[in-house]
Amino acid sequence: MERRNLIGFAIFLISGAILAFLAGVSVAVLDLPPTAVVRNVKNTAKELVRGPWYRDHRWMPRRYEGVGLVKHDPERSWAGITVMQGMFDEGIKARAYDADGTLLQEWPLDFLSIWPKPTHILPESRIPKGSKGYHTQGIALEKDGSILVNFAERGTARLGPCGDVIWTVDHMTHHSITENPDGTYWIPNKRDPATVAEEYRLPGASIEAILEADNYYADSALLIDTDGRVIEDVPILEPALDWLAQRQEFDIIYGLNEEDLDPIHLNDIEVVTPALSARLPGSEPGDLLLSMRNLNALTVLNKSSNKIVWMQHGPWVQQHDPDIAPDGTITVFDNGSGRRMPGRDFVGARVLRFDPVTSLAETIYPKTDDQRFFSFIMGTHQALPNDNILVTESMSGRVFEFTPDGEIVWEMVFVAGTRSAALIEEARRYPLGYVDRSVWSCP
């Protein structure tokens, strides 16, 4: 008797499942009202669980309320033009904003419009096939209203006030664009692995493996003139490995992930000032301060000898954007970690000031627990003339300015879709009168 009841119950469940399936098919085919509800729930669930990863893996779930300018204290913020670039909901673009959040100009960043037939990218599989599959990094605004933008590992372009291509740097440039007083620029560059001597290839780092992994492996620092020509190409990998080997820091070399084939990951270049040089014996004004993310290191490369004369591992973690302060200290965007670590009493990113003489670090921001912010990759900061600091919290689509006492006085937030943050890779502030805005009156 019990066996018959179990069989009957099983038949009932199977029949119910079949009927439910057929009903669902009928609703979908006929596009009856519940279908739209189910579709919306499904799409929202995707963004809640993964962010719009099915659209682009760099977008993260939204963390902040509001869209556009969400805070502006005109008395305490430094008024200026803020340029930024990134992956907005409307596509990959560069934008210029007024202090009150008014959009002044927008440049669509279409790789294939700038490089219709690129020949400088290795391997060829890295050439974008359409409007996706690439992103932008550094940005600089020129006084004529034009901009420079890095397409990560795919080149640098200077675009006119209305988007026309003025010139391109046909190298695999990436990350920061550092403006020099004479109008030149320092830009990191990804080298052809065939240019790396065998003694500088880590275990597993064959040319084929590097190309297949499609990682940086060997970087150089390019000095670009005002017409986009390369006037210096300074290797970075070899002097970095020489420094580590000479000091027998083999634990660092072999602690690198062989599968990544990315030992250095150069992400910023700054020019050593007299004030910093005075704090670092062996360095000279004009040397290069380099940020090597995967070594958690800042280094100084002597231009005369092409040798590293100083290297400091931490107290930052996978840092970006070191800047040299007027007193010779260094401020850093410290990306931090997604979990607590010994010596760090919080999770997340920070802006810190480091004294290379004492090796002491001071957290400039956040000041309190409720100010915690996080960008596990990317992120920049910029010291402003009024002693405020502008921060790009890249992964959260947020740009904000804070005062020396830690108060936020200007803030913009950008979103993608309904649940995700846009990706703002860098924002920079320029004086209000830096550009004659009439040049942006484009057809």
# chains A, B, ... in the order shown; residues from 1 in each chain; ligands from 1
>>> closest_atom_pairs(of="region 303-336 of chain A", to="region 366-376 of chain A", cutoff="9 Å", atoms="only C-alpha atoms", output="JSON lines")
{"residue": "A:Gln318", "atom": "CA", "partner": "A:Phe376", "partner_atom": "CA", "distance": 8.3}
{"residue": "A:Asn335", "atom": "CA", "partner": "A:Phe376", "partner_atom": "CA", "distance": 5.6}
{"residue": "A:Gly336", "atom": "CA", "partner": "A:Phe376", "partner_atom": "CA", "distance": 6.9}
>>> residues_around(residues="Gly66 (chain A)", least_positions_apart="5", cutoff="9 Å", atoms="only C-alpha atoms", output="list in words")
Met412, Val413, Phe414 and Val415 of chain A
>>> closest_residue(among="A:Ala152, A:Leu432, A:Cys442, A:Leu295", to="Asp100 (chain A)", atoms="only C-alpha atoms")
A:Leu432
>>> closest_atom_pairs(of="region 116-196 of chain A", to="region 205-228 of chain A", cutoff="10 Å", atoms="only C-alpha atoms", output="CSV")
residue,atom,partner,partner_atom,distance
A:Leu122,CA,A:Leu211,CA,7.2
A:Pro123,CA,A:Leu211,CA,6.1
A:Glu124,CA,A:Leu211,CA,9.8
A:Ser125,CA,A:Asp214,CA,9.5
A:Arg126,CA,A:Asp214,CA,8.1
A:Glu153,CA,A:Tyr216,CA,8.3
A:Thr156,CA,A:Gly228,CA,8.7
A:Ala157,CA,A:Gly228,CA,8.5
A:Arg158,CA,A:Gly228,CA,8.1
A:Ile166,CA,A:Asp227,CA,8.7
A:Trp167,CA,A:Gly228,CA,6.2
A:Thr168,CA,A:Gly228,CA,6.3
A:Val169,CA,A:Gly228,CA,5.8
A:Asp170,CA,A:Gly228,CA,9.2
A:His171,CA,A:Leu222,CA,9.4
A:Met172,CA,A:Tyr216,CA,9.5
A:Thr173,CA,A:Leu222,CA,8.4
A:His174,CA,A:Tyr216,CA,9.5
A:Ile177,CA,A:Ile224,CA,9.9
A:Thr178,CA,A:Leu223,CA,9.5
A:Glu179,CA,A:Ile224,CA,9.8
A:Asn180,CA,A:Leu223,CA,9.7
A:Asp182,CA,A:Thr226,CA,8.7
A:Gly183,CA,A:Thr226,CA,5.8
A:Thr184,CA,A:Asp225,CA,4.6
A:Tyr185,CA,A:Ile224,CA,5.1
A:Trp186,CA,A:Leu223,CA,4.7
A:Ile187,CA,A:Leu222,CA,5.2
A:Pro188,CA,A:Ala221,CA,4.8
A:Asn189,CA,A:Ser220,CA,5.1
A:Lys190,CA,A:Asp219,CA,4.7
A:Arg191,CA,A:Ala218,CA,5.5
A:Asp192,CA,A:Ala218,CA,7.7
A:Pro193,CA,A:Ile207,CA,5.6
A:Ala194,CA,A:Ile207,CA,6.2
A:Thr195,CA,A:Ala218,CA,8.8
A:Val196,CA,A:Ala218,CA,7.3
>>> closest_residue(among="A:His313, A:Phe354, A:Ile408, A:Trp440", to="Trp107 (chain A)", atoms="only C-alpha atoms")
A:Trp440
>>> closest_residue(among="A:His175, A:Arg62, A:Arg350, A:Arg437", to="Glu425 (chain A)", atoms="only C-alpha atoms")
A:His175
